[in-house]
Amino acid sequence: MTDNELLSLMAEDPQEGLSAVIGKYSAYVMKIVRIKLNGCPQEDMEEAASDVFMGFFRSAQECGCKVRSVKALLAVIAVRRCADILKEHLRHAGKVAEEDAGNELSESPDTQRIELLDALHKLGEPDCSIFLRKYFIGQKSSEIAADLSMKTNTVDKRISRGLARLKEMLKEGM
């Protein structure tokens, strides 16, 4: 079933359409979730995947099932949801560590990752989507340009300028 057929089915019968999307893309979403939430409990991963599909459902309903790429939208939602879960885990771990140790935590790779995701979200759209697609999903600039109705050189320029802005934001501690 193509994305257009899935979206048409969602417009006609939302529950059946969502079931079809889950059937087609559940392995894809779980792969992203497992990569991003490596080391988290299985229950959290399953809940994240469920949240991704509900987020997709809400997004599709809000835009009248006019989505350019189901796979890309699912990937963006998955990455964002995983970032939220990681933030919550780190926040909880930080509280426990402060209670146990009585001092501040040092910067872990997960903390740095969360700060980077926060900075990406602060870039705003479409820059945030461009960065997520380029560096988290691995799409080429030409694919991103086609999906976002932009020129390839515009995408590349936004990446170049965005990298400079990210560097400044991270230096300043946001």
# chains A, B, ... in the order shown; residues from 1 in each chain; ligands from 1

call {"tool": "select_by_dssp", "arguments": {"residues": "region 3-131 of chain A", "states": "alpha helix (DSSP H)", "output": "ChimeraX atom specification"}}
result
/A:3-12,14-36,42-62,70-101,109-123,127-131

call {"tool": "residues_around", "arguments": {"residues": "region 21-33 of chain A", "least_positions_apart": "4", "cutoff": "7 Å", "atoms": "only C-alpha atoms", "output": "PDB file with C-alpha atoms, in the first residue's frame"}}
result
ATOM      1  CA  LEU A   6      -2.736   4.890   3.423  1.00  0.00           C
ATOM      2  CA  GLY A  17      -6.072   3.809   8.221  1.00  0.00           C
ATOM      3  CA  LEU A  37      16.470   4.692  23.418  1.00  0.00           C
ATOM      4  CA  MET A  45      10.402   1.661  23.961  1.00  0.00           C
ATOM      5  CA  ALA A  49       6.394   3.565  19.545  1.00  0.00           C
ATOM      6  CA  ALA A  75      10.709   9.437  11.740  1.00  0.00           C
ATOM      7  CA  ALA A  78       9.869   9.226  16.671  1.00  0.00           C
ATOM      8  CA  CYS A  82      12.611   9.635  22.049  1.00  0.00           C
TER       9      CYS A  82
END

call {"tool": "residues_around", "arguments": {"residues": "region 159-172 of chain A", "least_positions_apart": "3", "cutoff": "12 Å", "atoms": "only C-alpha atoms", "output": "VMD selection string"}}
result
chain A and resid 112 to 135 140 to 141 144 to 145 152 to 156

call {"tool": "write_last_selection", "arguments": {"atoms": "C-alpha atoms", "output": "mmCIF file, in the first residue's frame"}}
result
data_model
loop_
_atom_site.group_PDB
_atom_site.id
_atom_site.type_symbol
_atom_site.label_atom_id
_atom_site.label_comp_id
_atom_site.auth_asym_id
_atom_site.auth_seq_id
_atom_site.Cartn_x
_atom_site.Cartn_y
_atom_site.Cartn_z
ATOM 1 C CA GLN A 112 24.944 16.570 25.615
ATOM 2 C CA ARG A 113 22.595 14.806 23.242
ATOM 3 C CA ILE A 114 19.572 16.307 24.986
ATOM 4 C CA GLU A 115 21.096 19.792 24.885
ATOM 5 C CA LEU A 116 21.714 19.361 21.163
ATOM 6 C CA LEU A 117 18.110 18.280 20.557
ATOM 7 C CA ASP A 118 16.849 21.254 22.580
ATOM 8 C CA ALA A 119 19.013 23.572 20.504
ATOM 9 C CA LEU A 120 17.701 21.974 17.315
ATOM 10 C CA HIS A 121 14.119 22.611 18.404
ATOM 11 C CA LYS A 122 15.018 26.230 19.147
ATOM 12 C CA LEU A 123 16.170 26.662 15.538
ATOM 13 C CA GLY A 124 12.523 26.449 14.550
ATOM 14 C CA GLU A 125 10.988 25.067 11.398
ATOM 15 C CA PRO A 126 11.975 24.152 8.743
ATOM 16 C CA ASP A 127 15.569 24.135 10.063
ATOM 17 C CA CYS A 128 14.813 21.647 12.831
ATOM 18 C CA SER A 129 13.237 19.218 10.353
ATOM 19 C CA ILE A 130 16.123 19.665 7.949
ATOM 20 C CA PHE A 131 18.692 18.824 10.651
ATOM 21 C CA LEU A 132 16.706 15.848 11.939
ATOM 22 C CA ARG A 133 16.325 14.473 8.443
ATOM 23 C CA LYS A 134 19.956 15.100 7.502
ATOM 24 C CA TYR A 135 21.784 13.976 10.627
ATOM 25 C CA LYS A 140 20.354 13.457 1.370
ATOM 26 C CA SER A 141 19.921 17.186 0.829
ATOM 27 C CA ILE A 144 14.990 16.799 1.966
ATOM 28 C CA ALA A 145 14.591 19.534 -0.633
ATOM 29 C CA THR A 152 18.810 21.643 -2.772
ATOM 30 C CA ASN A 153 21.146 24.619 -2.422
ATOM 31 C CA THR A 154 18.619 26.272 -0.071
ATOM 32 C CA VAL A 155 18.680 23.182 2.153
ATOM 33 C CA ASP A 156 22.490 23.171 2.108
#

call {"tool": "atom_distance", "arguments": {"atom1": "CA of Leu74 (chain A)", "atom2": "CA of Met1 (chain A)"}}
result
16.2 Å

call {"tool": "residues_around", "arguments": {"residues": "Arg68 (chain A)", "least_positions_apart": "5", "cutoff": "9 Å", "atoms": "only C-alpha atoms", "output": "JSON, numbers by chain"}}
result
{"A": [3, 4, 73, 147, 148]}

call {"tool": "write_last_selection", "arguments": {"atoms": "N, CA and C atoms", "output": "CSV table (one decimal), in the first residue's frame"}}
result
chain,number,residue,atom,x,y,z
A,3,ASP,N,1.8,5.4,0.3
A,3,ASP,CA,1.5,6.4,1.3
A,3,ASP,C,0.2,7.1,1.0
A,4,ASN,N,0.0,7.4,-0.3
A,4,ASN,CA,-1.3,8.1,-0.7
A,4,ASN,C,-2.5,7.2,-0.4
A,73,LEU,N,7.5,11.7,8.3
A,73,LEU,CA,6.8,12.3,9.4
A,73,LEU,C,6.9,11.4,10.6
A,147,ASP,N,11.1,16.8,-0.4
A,147,ASP,CA,10.0,16.7,0.6
A,147,ASP,C,9.5,18.0,1.1
A,148,LEU,N,10.4,19.0,1.2
A,148,LEU,CA,10.0,20.3,1.8
A,148,LEU,C,9.8,21.3,0.8

call {"tool": "closest_residue", "arguments": {"among": "A:Cys40, A:Leu86, A:Ala20, A:Ala48", "to": "Val70 (chain A)", "atoms": "only C-alpha atoms"}}
result
A:Ala20

call {"tool": "closest_residue", "arguments": {"among": "A:Val67, A:Ser59, A:Ser8, A:Ile85", "to": "Glu46 (chain A)", "atoms": "only C-alpha atoms"}}
result
A:Ile85

call {"tool": "closest_residue", "arguments": {"among": "A:Asp13, A:Ala146, A:Lys157, A:Asn38", "to": "Ala83 (chain A)", "atoms": "only C-alpha atoms"}}
result
A:Asn38

call {"tool": "closest_residue", "arguments": {"among": "A:His89, A:Gly173, A:Arg158, A:Phe57", "to": "Pro41 (chain A)", "atoms": "only C-alpha atoms"}}
result
A:His89
